[in-house]
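Colleague: Starting off with a structure, shown below.
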Amino acid sequence: MKQRLYDIIELFKRSFSPSFSEEEKKKLENVLQDDFLRKAYEQLSDEVFIEEKFREFDGYEYKVAFEKLRKYHHRVVFWRWTAWGTSVAVIIVLVLMFTHSGIKPTNNQCKTVAVQERIILPGSKSAVLKLANGKMVTIGKQALKIIEDGGSVVKYEEGQLSYSSDMSFDKELYNELEVPRGGECQVQLDDGTKVWLNAESRLKYPVVFNGMERKVVLSGEAYFEVKKDTHPFIVSTDIGDVTVLGTSFGVSVYKGEIGTTTLVSGKVKFTSKNGMNETLSPGEQVSVAVSGLVEKRMVNVEEYVGWKSGLFVFKNKTLEEIMNMFERWYAVEIIFQDDSLRQLEFTGDLERYGSINTFLQLLERLNEIRYEIKGNTIMLFK
């Protein structure tokens, strides 16, 4: 599809007019065969809106503004997507069309990409459930219902696993939920506690809680909304245990990275492997360095649990830290061809369910990096 960008925008705008012709309708149908153009079209509703926002985007002097911020703060701040609300999604999608469809804009300020670029899409609902009898069940889009040994019922529908049972067990039977790279999954445990598992994470838990405590074992990252109960709920990890009665909090314990417990509401107690105790109030976080050093501080909780609601929130995050998250979520491998790029710092918000190309193309537009995509490998150049 070799139509000019502004011709396509004009066609989109014309489609809202009562005089939209049959010939134009056929052209529109052909244009909407492209997924990116279709998504952009679904967000359009006002021609003044499009003209105004495109002028703003096209005329914005990114490099000058960002270099000033870099000199003052010694960091790079990437565009805050939420600044324009839904409008920025439209403009970003339109810019992405340059690479996806080979569209050549007439405006010289817009960048033209000569070759098509592979679009790397975000993760999706995906996991493997290991039942108490050792059977492995793949979790994805299809609904399912499983009767566990002993009569416990496991259901998967609308993206969530759920457990229910009308009987108690003499001994605890365990399930294990493993989420791969490029995946996520939500589970509601037998007591009503809800858990959101992030990519490359694993949770082991009883099919039915029948002891004096409700204990689960986590590796990776999860967000918990614990059902209030007289029995304490314990999240056991390699760096320590988090004990609660009823609250919401995030835990991240990826191997080789700083481990964190971030409290959103209620109160929790963190006990490190060496026996150090820290009690957290809402907005507080305890972190455990690879060296074992334990620290408590106040944080913006959305920076650490925003992923659960579909948003990455970065505050002075290094490019290396960001790419570690992206490797897990987009199931890609990032290669830094220049190690100095690892320490570039960024602040802003990014849609979790958008393609990784959005972020990469903006960095390239700022002249901070150059990148190449080969299969599932992304190489970053200075």
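As shown in the structure tokens, the chain order sets the letters A, B, ...; within each chain, residues go from 1, and ligands are also counted from 1 in the order they appear.
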Based on the backbone DSSP call, show me all residues of range 154-291 of chain A assigned strand (DSSP E or B), as JSON, numbers by chain.
Modeller: {"A": [154, 155, 156, 157, 160, 161, 162, 163, 164, 174, 175, 176, 177, 178, 179, 183, 184, 185, 186, 187, 188, 194, 195, 196, 197, 201, 202, 203, 204, 205, 206, 214, 215, 216, 217, 218, 219, 220, 221, 222, 223, 224, 225, 233, 234, 235, 236, 237, 240, 241, 242, 243, 244, 248, 249, 250, 251, 252, 253, 259, 260, 261, 262, 263, 264, 265, 268, 269, 270, 271, 272, 277, 278, 279, 280, 284, 285, 286, 287, 288]}
Colleague: Can I get the residues of range 175-194 of chain A within 12 Å of range 292-310 of chain A, each with the closest pair of atoms and their distance in Å to one decimal, using only C-alpha atoms, sorted chain first then ascending number, as CSV?
Modeller:
```
residue,atom,partner,partner_atom,distance
A:Glu184,CA,A:Lys308,CA,9.5
A:Cys185,CA,A:Lys308,CA,10.2
A:Gln186,CA,A:Lys308,CA,9.8
A:Lys194,CA,A:Lys308,CA,11.9
```
Colleague: Could you save those same residues with N, CA and C atoms as a PDB file, in the first residue's frame?
Modeller:
```
ATOM      1  N   GLU A 184       1.294 -13.598  30.651  1.00  0.00           N
ATOM      2  CA  GLU A 184       0.766 -13.114  31.918  1.00  0.00           C
ATOM      3  C   GLU A 184      -0.435 -13.981  32.256  1.00  0.00           C
ATOM      4  N   CYS A 185      -0.806 -14.028  33.538  1.00  0.00           N
ATOM      5  CA  CYS A 185      -1.965 -14.826  33.936  1.00  0.00           C
ATOM      6  C   CYS A 185      -2.480 -14.345  35.287  1.00  0.00           C
ATOM      7  N   GLN A 186      -3.775 -14.456  35.477  1.00  0.00           N
ATOM      8  CA  GLN A 186      -4.405 -14.093  36.744  1.00  0.00           C
ATOM      9  C   GLN A 186      -5.035 -15.338  37.348  1.00  0.00           C
ATOM     10  N   LYS A 194      -6.699 -12.802  45.002  1.00  0.00           N
ATOM     11  CA  LYS A 194      -6.415 -12.670  43.572  1.00  0.00           C
ATOM     12  C   LYS A 194      -4.933 -12.373  43.363  1.00  0.00           C
TER      13      LYS A 194
END
```
Colleague: Neighbours of range 315-322 of chain A within 10 Å (only C-alpha atoms; same-chain residues fewer than 5 positions away dropped), as a CSV table (one decimal) with N, CA and C atoms, in the first residue's frame?
Modeller:
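So the final result, stored in part_33.csv, reads:
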```
chain,number,residue,atom,x,y,z
A,73,HIS,N,19.0,17.8,34.0
A,73,HIS,CA,18.8,16.6,34.9
A,73,HIS,C,19.8,15.5,34.8
A,75,ARG,N,19.8,13.4,32.5
A,75,ARG,CA,19.0,12.2,32.1
A,75,ARG,C,18.1,12.5,30.9
A,76,VAL,N,17.6,11.5,30.3
A,76,VAL,CA,16.7,11.7,29.1
A,76,VAL,C,15.3,11.4,29.6
A,77,VAL,N,14.4,12.3,29.3
A,77,VAL,CA,13.0,12.1,29.6
A,77,VAL,C,12.2,11.7,28.3
A,257,GLU,N,18.4,-9.5,40.1
A,257,GLU,CA,18.0,-8.2,40.1
A,257,GLU,C,17.6,-7.8,41.6
A,300,ASN,N,6.6,5.9,44.5
A,300,ASN,CA,5.4,6.0,43.7
A,300,ASN,C,5.0,4.6,43.4
A,303,GLU,N,4.9,3.0,39.8
A,303,GLU,CA,6.2,2.7,39.1
A,303,GLU,C,6.5,1.2,39.2
A,327,GLU,N,12.4,-7.5,27.7
A,327,GLU,CA,12.8,-8.8,27.2
A,327,GLU,C,11.8,-9.9,27.7
A,334,ILE,N,17.6,-8.5,23.9
A,334,ILE,CA,18.2,-7.2,23.6
A,334,ILE,C,19.7,-7.3,23.7
A,336,PHE,N,23.1,-4.9,23.6
A,336,PHE,CA,23.7,-3.6,23.6
A,336,PHE,C,25.0,-3.6,22.8
A,339,ASP,N,28.0,-0.4,25.5
A,339,ASP,CA,27.6,-0.5,26.9
A,339,ASP,C,27.2,0.8,27.5
A,340,SER,N,27.6,1.9,26.9
A,340,SER,CA,27.3,3.2,27.5
A,340,SER,C,25.8,3.5,27.4
A,341,LEU,N,25.1,2.8,26.5
A,341,LEU,CA,23.7,3.0,26.3
A,341,LEU,C,22.9,2.4,27.5
A,342,ARG,N,23.5,1.5,28.2
A,342,ARG,CA,22.8,0.8,29.3
A,342,ARG,C,22.4,1.8,30.4
A,343,GLN,N,23.2,2.9,30.6
A,343,GLN,CA,23.0,3.8,31.7
A,343,GLN,C,22.2,5.0,31.4
A,344,LEU,N,21.7,5.1,30.1
A,344,LEU,CA,20.8,6.2,29.8
A,344,LEU,C,19.6,6.1,30.7
A,345,GLU,N,19.1,7.2,31.3
A,345,GLU,CA,18.0,7.2,32.2
A,345,GLU,C,16.7,7.8,31.5
A,346,PHE,N,15.6,7.3,31.9
A,346,PHE,CA,14.3,7.7,31.3
A,346,PHE,C,13.2,7.8,32.4
A,347,THR,N,12.3,8.8,32.1
A,347,THR,CA,11.2,9.0,33.0
A,347,THR,C,9.9,9.1,32.1
A,348,GLY,N,8.9,8.5,32.5
A,348,GLY,CA,7.6,8.6,31.7
A,348,GLY,C,6.7,7.4,31.8
A,349,ASP,N,5.7,7.4,31.0
A,349,ASP,CA,4.7,6.3,31.0
A,349,ASP,C,4.7,5.7,29.6
```
Colleague: Need to verify the contact set: Glu178 in chain A, 6 Å, only C-alpha atoms, exclusion of same-chain residues closer than 6 positions in sequence. Can you return it as a ChimeraX atom specification?
Modeller: /A:127-128,201-202
Colleague: Select from range 240-356 of chain A every residue with an atom at most 9 Å from any atom of range 371-378 of chain A, then for each give the shortest pair of atoms and their distance in Å to one decimal, using only C-alpha atoms, rows by chain and rising number, as JSON lines.
Modeller:
```
{"residue": "A:Tyr330", "atom": "CA", "partner": "A:Asn376", "partner_atom": "CA", "distance": 8.9}
{"residue": "A:Ala331", "atom": "CA", "partner": "A:Asn376", "partner_atom": "CA", "distance": 7.4}
{"residue": "A:Val332", "atom": "CA", "partner": "A:Asn376", "partner_atom": "CA", "distance": 4.9}
{"residue": "A:Glu333", "atom": "CA", "partner": "A:Thr377", "partner_atom": "CA", "distance": 4.7}
{"residue": "A:Ile334", "atom": "CA", "partner": "A:Ile378", "partner_atom": "CA", "distance": 4.9}
{"residue": "A:Ile335", "atom": "CA", "partner": "A:Ile378", "partner_atom": "CA", "distance": 6.2}
{"residue": "A:Phe336", "atom": "CA", "partner": "A:Ile378", "partner_atom": "CA", "distance": 8.6}
```
Colleague: Report, in Å with one decimal, the straight-line distance from CA of Val137 in chain A to CA of Glu213 in chain A.
Modeller: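 Separation of CA of Val137 in chain A and CA of Glu213 in chain A: 27.4 Å.
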Colleague: Counting only C-alpha atoms, what is within 9 Å of range 218-221 of chain A, bar same-chain residues fewer than 6 positions away, as an NGL selection string?
Modeller: :A and (196-205 or 235-238 or 250-255)
Colleague: Can you pull out the residues contacting Leu173 in chain A? Cut-off 8 Å, using only C-alpha atoms, and skip same-chain residues under 2 positions away; I want them as JSON, numbers by chain.
Modeller: {"A": [132, 171, 175, 206, 207, 208]}
Colleague: Please save C-alpha atoms of the selected residues as a compact mmCIF listing (two decimals), in the first residue's frame.
Modeller:
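Okay, selection.txt is ready:
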```txt
# COMPACT_ATOMS: atom_id res chain seq x y z
CA ALA A 132 -1.32 -31.98 41.92
CA LYS A 171 -3.11 -32.93 53.41
CA ASN A 175 -0.65 -26.64 41.96
CA PRO A 206 -2.33 -25.14 47.75
CA VAL A 207 -5.46 -26.17 45.87
CA VAL A 208 -7.27 -25.61 49.19
```
Colleague: Point out the residue among A:Ile356, A:Leu366, A:Val313, A:Met325 with the least atom-to-atom distance to Glu117 in chain A, counting only C-alpha atoms.
Modeller: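 Of all the options, A:Ile356 lies closest to Glu117 in chain A.
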Colleague: For a test of reading the model, state the distance in Å between CA of Leu177 in chain A and CA of Gly240 in chain A, rounded to one decimal.
Modeller: 20.2 Å
Colleague: Tell me which protein, DNA and RNA residues are within 6 Å of Tyr156 in chain A, counting only C-alpha atoms, leaving out same-chain ones fewer than 5 positions away, and put them as a list in words.
Modeller: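 Non-adjacent residues within range: Ala143, Leu144 and Leu161 of chain A.
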Colleague: To one decimal in Å, tell me the separation between CA of Val195 in chain A and CA of Val154 in chain A.
Modeller: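 Between these atoms lies a distance of 15.0 Å.
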Colleague: Go through A:Thr193, A:Ser291, A:Ile139, A:Glu176 one by one, measure the shortest atom-to-atom distance of each to Glu158 in chain A using only C-alpha atoms, and give the residue with the smallest value.
Modeller: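 The closest residue to Glu158 in chain A is A:Ile139.
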Colleague: For Ile120 in chain A, which of A:Gly246, A:Gly256, A:Gly266, A:Gly182 is the closest residue, counting only C-alpha atoms?
Modeller: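 Looking only at the distances to Ile120 in chain A, the closest residue turns out to be A:Gly182.
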Colleague: Choose the residue, out of A:Gly123, A:Gly134, A:Gly192, A:Gly354, that has the smallest atom-to-atom separation from Glu148 in chain A; count only C-alpha atoms.
Modeller: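 Looking only at the distances to Glu148 in chain A, the closest residue turns out to be A:Gly134.
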